[in-house]
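Have a look at the structure below before the remarks.
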Amino acid sequence: MDILVCVKRVPTVGGVITLTADRQAIDTKASGFTISPHEECAVEEAVRLVERFGGSVTVVSLGPVAAEEQLRACLALGASAAVLIETPDGVETGPIATAAALHAVASSGAFDLVLLGNEASDTGDYQVGIRLAHLLGRPAATGIKALTVADDGASLAASRTYRGVLETFTLPLPCVVTVKEGINLPRYPSLPGRLRAKRAAITRVPVGADVADDFRMTRLHVPDVPEKQATVLGHGVDAVPALVAVLEELGVVPS
Amino acid sequence: MTTLCLVETDGGAVTDASARALTFARSLGTVVGAVAFTDGGSVSLSESLAEYGVNLLYVVSSIDDYAPQAWARALSELTGFVPTTAVVAAGTDRGNEVLAHLGAITGLPMAANCVSAALSGGLFTITRQRWAGLLLEDAELDAPVALLTVATDAVAPVPAPVSPGLQIVAMDGKTGVVSAYAFKVSQVSAADLVVRAEESATGGGGQSLASARVVVGGGRGVGGAEGFAPLEELADLLGGVVGVSRVVTSEGWRPHTMQVGQTGTKITPDLYLACGISGAIQHFAGCSGAKHIIAINTDPSAPMMTRADYAVVGDLHEVVPALIQALRTRGT
């Protein structure tokens with residue numbers, strides 16, 4: 001089973017988000033970078049499937065040269081090959097163009113399964129996987145929290161819980177699946193894995209023709225958090241009567 | 001012109017998330033046409049739609065199961081039938097997925113998790129969430145039809161009752177009041193129906209985290225899997241459910257389905273009672289839609305304590321059992 005996993009380099013967001021002066025991006029001078037938690041799970045799921053069925057895991061990222069750091073982290077977890085679709089520094093690619101660029105790589109090999117995170121944690125566009133599936137002419141399932149590939153490798157059952165009901169989608173392979181955190185607990189990289197990843201060659205391909213995007217970001221802003229001065233109800237169990245009074249006031253318990 | 005709004009239904013009525021999407025759809029200032037994939041327009045559905053200012057309902061009854069690509073194909077067909085300004089859906093798993101398919105089918109751009117939108121001179125100016133709402137993006141959308149999903153934790157449902165009887169419209173042009181028509185979709189192919197949901201009960205039962213009116217949160221301070229029993233008991237007493245922070249699911253103390261946050265569930269309860277949760281910003285991405293927050297924490301400087309409406313400085317292992325006892329004593 002040959003699997004392609006798509007990952008994106010995003011800033012590690014800590015206590016506060018700080019923007020650049022032109023408000024076009026997050027100020028990353030002091031932050032590290034990572035991939036989204038959903039994508040970490042996509043890599044783990046792919047590695048587990050190849051451990052069971054044999055085959056290969058290729059990771060692909062659309063991003064600057066620095067995204068090799070994230071690709072190497074995926075190689076350390078057990079991916080067998082990595083492809084970087086190189087974009088100029090500081091250029092953000094919209095979802096339509098991203099799907100087109102990933103399509104060029106996804107259609108260059110005979111991948112049985114393409115895995116993505118349900119959404120990238122930075123832009124949260126919720127559509128790259130589906131657009132890629134349409135370009136490939138393959139079925140897609142999104143937001144998946146459990147994946148079972150049939151023993152014959154011809155189909156898979158993908159499920160998620162939606163409004164308290166378990167939804168299961170059965171897809172023939174090849175197909176595209178976007179997953180969410182919780183589908184598995186990703187492993188930590190092994191030392192041999194890290195050493196192998198350090199030496200591994202990463203294939204670099206140029207980004208294809210510019211795809212016009214009719215959706216244009218103007219600026220970013222951090223939403224105002226209402227300045228609240230929390231009312232301290234008290235310390236320890238002594239605060240319980242005041243706590244009950246607040247619950248009454250909010251109508252959570254009858255007064 | 002019409003703004004079409006995909007509505008999801010529950011027990012014949014519009015879901016809370018869809019009521020928020022309808023509120024957003026109305027803000028575009030056009031006629032709002034709801035699109036429902038159901039067996040028919042029930043009285044309760046038309047009543048709940050009229051409460052949210054819907055003038056028209058398009059009923060699609062020919063697709064039996066939830067099949068995202070087929071739903072999108074039907075919406076695409078409908079935009080050819082109705083002069084459409086925008087197609088709006090709630091930013092739920094289903095709403096985002098169906099509109100992404102619609103974007104792929106039509107080649108139109110799609111903006112997910114919008115907070116506000118305005119149309120001026122053929123150009124949409126939009127504010128949408130990034131980082132699950134920790135960051136907002138102002139953007140311009142230049143497209144013949146805007147595809148927008150709505151950030152359900154940022155847009156409150158506001159009723160705007162309409163008095164005239166609701167019209168139900170089917171694709172064959174028949175109109176009527178509160179009756180079901182078969183929606184004969186001509187463009188849905190077998191390929192569109194390959195991926196369809198088979199639904200089964202989760203066994204979890206009870207109310208969902210996303211729609212609960214009271215959520216009792218537990219974080220690292222709970223200390224372990226066995227520490228959740230008092231929180232469950234308190235949630236039961238308050239008619240709510242338990243939600244947890246990311247560390248709790250990473251440690252395996254509780255399943256990921258209970259996680260509140262950027263990569264978990266976004267909640268919009270009347271009350272979020274956060275116990276032993278320090279309040280990482282990724283957690284706030286999931287709980288900032290709560291109307292009121294009460295925090296219980298030993299550390300008065302924890303972000304959850306300073307951003308809450310009410311704070312109790314103390315150990316949840318002492319405060320929660322005492323609160324349960326107080327509520328039982330007064331017969332809640």
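Ordered as shown in the structure tokens, chains take letters A, B, and onward, while each chain numbers its residues from 1 and ligands are numbered from 1 in the order shown.
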
- Contacts of stretch 14-23 of chain A within 10 Å, only C-alpha atoms, excl. fewer than 3 positions in-chain, as a list in words: Pro11, Ile26, Asp27, Thr28, Lys29, Ala30, Ser31, Gly32, Thr218, Arg219, Leu220, His221 and Val222 of chain A; Trp131, Leu134, Leu135, Glu137, Gly279, Ala280, Ile281, Gln282 and Pro303 of chain B

Contact table chain A vs chain B, cut-off 7 Å, shortest pair per residue, only C-alpha atoms, as a tab-separated table:
residue	atom	partner	partner_atom	distance
A:Gly15	CA	B:Ile281	CA	6.2
A:Ser121	CA	B:Trp131	CA	5.5
A:Asp122	CA	B:Trp131	CA	4.8
A:Thr123	CA	B:Arg130	CA	5.0
A:Gly124	CA	B:Arg130	CA	5.6
A:Asp125	CA	B:Ala112	CA	5.6
A:Tyr126	CA	B:Asn96	CA	6.3
A:Gln127	CA	B:Ala100	CA	5.0
A:Ile130	CA	B:His101	CA	6.2
A:Arg131	CA	B:Ala104	CA	5.1
A:His134	CA	B:Ala104	CA	6.4
A:Pro139	CA	B:Val195	CA	6.7
A:Gly143	CA	B:Asp93	CA	6.6
A:Arg163	CA	B:Ser208	CA	6.3
A:Gly164	CA	B:Ser208	CA	5.8
A:Val165	CA	B:Ala201	CA	5.2
A:Leu166	CA	B:Ser200	CA	5.2
A:Glu167	CA	B:Glu199	CA	4.7
A:Thr168	CA	B:Glu198	CA	5.1
A:Phe169	CA	B:Ala197	CA	5.1
A:Thr170	CA	B:Val195	CA	6.5
A:Leu171	CA	B:Val195	CA	6.3
A:Glu181	CA	B:Thr263	CA	6.4
A:Gly182	CA	B:His256	CA	5.2
A:Asp214	CA	B:Asp142	CA	5.2
A:Phe215	CA	B:Leu141	CA	4.6
A:Arg216	CA	B:Glu140	CA	5.2
A:Met217	CA	B:Ala139	CA	4.2
A:Thr218	CA	B:Ala139	CA	4.8
A:Arg219	CA	B:Asp138	CA	5.3
A:Leu220	CA	B:Glu137	CA	4.5
A:His221	CA	B:Leu136	CA	5.2
A:Val222	CA	B:Leu135	CA	4.8
A:Pro223	CA	B:Leu135	CA	6.2
A:Lys228	CA	B:Arg307	CA	5.9
A:Gln229	CA	B:Thr306	CA	6.7
A:Ala230	CA	B:Asp309	CA	4.6
A:Thr231	CA	B:Tyr310	CA	4.6
A:Val232	CA	B:Ala311	CA	4.7
A:Leu233	CA	B:Val312	CA	5.4
A:Gly234	CA	B:Val312	CA	5.5
A:His235	CA	B:Val313	CA	4.7
A:Gly236	CA	B:Gly314	CA	4.2
A:Val237	CA	B:Val319	CA	5.0
A:Ala239	CA	B:Val312	CA	6.5
A:Val240	CA	B:Leu323	CA	5.7
A:Val252	CA	B:Leu238	CA	6.5
A:Val253	CA	B:Thr332	CA	6.7

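Take atom CA of B:Val14 and atom CA of B:Asp65: the distance between them is 17.7 Å.
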
- Which neighbours of A:Phe111 fall inside 9 Å, counting only C-alpha atoms, when residues of the same chain fewer than 3 positions from it are skipped, and could you give them as a VMD selection string? chain A and resid 1 to 4 106 to 108 114 174 to 175

Let me see the file: selected residues, C-alpha atoms, as a PDB file, in the first residue's frame.
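The new file selection_26.pdb reads:
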ATOM      1  CA  MET A   1       0.000   0.000   0.000  1.00  0.00           C
ATOM      2  CA  ASP A   2       1.512   3.303  -1.084  1.00  0.00           C
ATOM      3  CA  ILE A   3       0.316   6.291   0.889  1.00  0.00           C
ATOM      4  CA  LEU A   4       0.821  10.006   0.376  1.00  0.00           C
ATOM      5  CA  ALA A 106      -0.322  12.996  -5.981  1.00  0.00           C
ATOM      6  CA  SER A 107      -0.902  12.146  -9.644  1.00  0.00           C
ATOM      7  CA  SER A 108       2.787  11.467 -10.291  1.00  0.00           C
ATOM      8  CA  VAL A 114      -3.904  10.177   0.240  1.00  0.00           C
ATOM      9  CA  PRO A 174      -7.726   4.689  -4.124  1.00  0.00           C
ATOM     10  CA  CYS A 175      -9.277   7.545  -2.167  1.00  0.00           C
TER      11      CYS A 175
END

- Find the spatial neighbours of A:Ala146, counting only C-alpha atoms, within a cut-off of 10 Å - ignore same-chain residues fewer than 2 positions away - and output them as number ranges by chain. A: 45, 143-144, 148, 157-161, 168, 179-180, 182-184

Serialized selection, C-alpha atoms, as a PDB file, in the first residue's frame:
ATOM      1  CA  GLU A  45      -1.985   6.393  10.622  1.00  0.00           C
ATOM      2  CA  GLY A 143     -13.018  14.652   9.698  1.00  0.00           C
ATOM      3  CA  ILE A 144     -12.275  10.972  10.225  1.00  0.00           C
ATOM      4  CA  THR A 148     -10.142   0.453   9.011  1.00  0.00           C
ATOM      5  CA  ALA A 157     -14.304   2.131   6.458  1.00  0.00           C
ATOM      6  CA  ALA A 158     -13.887   5.669   7.764  1.00  0.00           C
ATOM      7  CA  SER A 159     -15.952   6.936  10.655  1.00  0.00           C
ATOM      8  CA  ARG A 160     -16.547   9.978  12.778  1.00  0.00           C
ATOM      9  CA  THR A 161     -19.079  10.976  15.399  1.00  0.00           C
ATOM     10  CA  THR A 168     -19.339   5.387   8.791  1.00  0.00           C
ATOM     11  CA  VAL A 179      -8.281  12.810   9.656  1.00  0.00           C
ATOM     12  CA  LYS A 180      -8.608  14.467  13.027  1.00  0.00           C
ATOM     13  CA  GLY A 182      -7.845  11.371  18.301  1.00  0.00           C
ATOM     14  CA  ILE A 183      -7.721   8.800  15.482  1.00  0.00           C
ATOM     15  CA  ASN A 184      -4.527   7.505  17.122  1.00  0.00           C
TER      16      ASN A 184
END

- One decimal, Å: what's the distance from atom CA of A:Leu102 over to atom CA of A:Gly54, could you say? 23.7 Å

- Query: Hey, what does DSSP flag as strand (DSSP E or B) within stretch 5-151 of chain A? Can you give it to me as an MDAnalysis selection string?
  - Reply: chainID A and resid 5:7 10:11 19 26 33:34 56:63 81:86 113:117 140:144 146:149

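Residues surrounding stretch 5-8 of chain B within 9 Å are Ala13, Val14, Thr15, Asp16, Ala17, Ser18, Ala19, Ala21, Leu22, Ala25, Val32, Gly33, Ala34, Val35, Ala36, Phe37, Thr38, Leu75, Ala86, Val87, Val88, Ala89, Ala90, Arg94 and Gly95 of chain B [only C-alpha atoms; sequence separation below 5 positions excluded].
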
Would you write out those residues with C-alpha atoms, as an mmCIF file, in the first residue's frame?
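And here's again_6.cif as it stands now:
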data_model
loop_
_atom_site.group_PDB
_atom_site.id
_atom_site.type_symbol
_atom_site.label_atom_id
_atom_site.label_comp_id
_atom_site.auth_asym_id
_atom_site.auth_seq_id
_atom_site.Cartn_x
_atom_site.Cartn_y
_atom_site.Cartn_z
ATOM 1 C CA ALA B 13 -36.483 21.358 13.616
ATOM 2 C CA VAL B 14 -33.468 23.405 12.583
ATOM 3 C CA THR B 15 -30.310 22.636 14.585
ATOM 4 C CA ASP B 16 -28.691 25.288 16.770
ATOM 5 C CA ALA B 17 -25.717 25.479 14.369
ATOM 6 C CA SER B 18 -28.033 26.020 11.406
ATOM 7 C CA ALA B 19 -29.982 28.698 13.303
ATOM 8 C CA ALA B 21 -25.994 30.026 9.878
ATOM 9 C CA LEU B 22 -29.464 31.419 9.080
ATOM 10 C CA ALA B 25 -27.315 34.456 5.958
ATOM 11 C CA VAL B 32 -32.906 33.756 2.415
ATOM 12 C CA GLY B 33 -33.796 30.406 0.938
ATOM 13 C CA ALA B 34 -33.239 27.395 3.157
ATOM 14 C CA VAL B 35 -32.219 24.095 1.609
ATOM 15 C CA ALA B 36 -33.061 20.966 3.570
ATOM 16 C CA PHE B 37 -32.252 17.388 2.674
ATOM 17 C CA THR B 38 -35.130 15.650 4.366
ATOM 18 C CA LEU B 75 -26.808 22.603 -4.318
ATOM 19 C CA ALA B 86 -24.194 33.174 -1.754
ATOM 20 C CA VAL B 87 -24.468 29.658 -0.432
ATOM 21 C CA VAL B 88 -24.128 29.539 3.351
ATOM 22 C CA ALA B 89 -23.787 26.598 5.731
ATOM 23 C CA ALA B 90 -22.897 26.146 9.388
ATOM 24 C CA ARG B 94 -21.033 18.484 7.377
ATOM 25 C CA GLY B 95 -21.373 22.155 6.437
#

- Item | Polymer residues at most 8 Å from stretch 187-200 of chain A, only C-alpha atoms, same-chain spacing of 5 or more positions, as JSON, numbers by chain | {"A": [44, 72, 73, 75, 76, 77, 78]}

Expected file contents, prior selection, C-alpha atoms, as a PDB file, in the first residue's frame:
ATOM      1  CA  GLU A  44       1.019   8.019  12.301  1.00  0.00           C
ATOM      2  CA  ARG A  72      12.411  15.332   8.306  1.00  0.00           C
ATOM      3  CA  ALA A  73      10.323  15.071  11.463  1.00  0.00           C
ATOM      4  CA  LEU A  75      10.702  10.799   8.097  1.00  0.00           C
ATOM      5  CA  ALA A  76      11.883  10.239  11.664  1.00  0.00           C
ATOM      6  CA  LEU A  77       8.430   8.841  12.499  1.00  0.00           C
ATOM      7  CA  GLY A  78       8.676   6.258   9.730  1.00  0.00           C
TER       8      GLY A  78
END

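Atom CA of B:Glu77 lies 22.7 Å from atom CA of B:Ser46.
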
- stretch 28-157 of chain B: which residues are helix (DSSP H, G or I) by DSSP, as JSON, numbers by chain? {"B": [43, 44, 45, 46, 47, 48, 49, 50, 51, 68, 69, 70, 71, 72, 73, 74, 75, 76, 77, 78, 79, 80, 81, 93, 94, 95, 96, 97, 98, 99, 100, 101, 102, 103, 104, 105, 106, 131, 132, 133]}
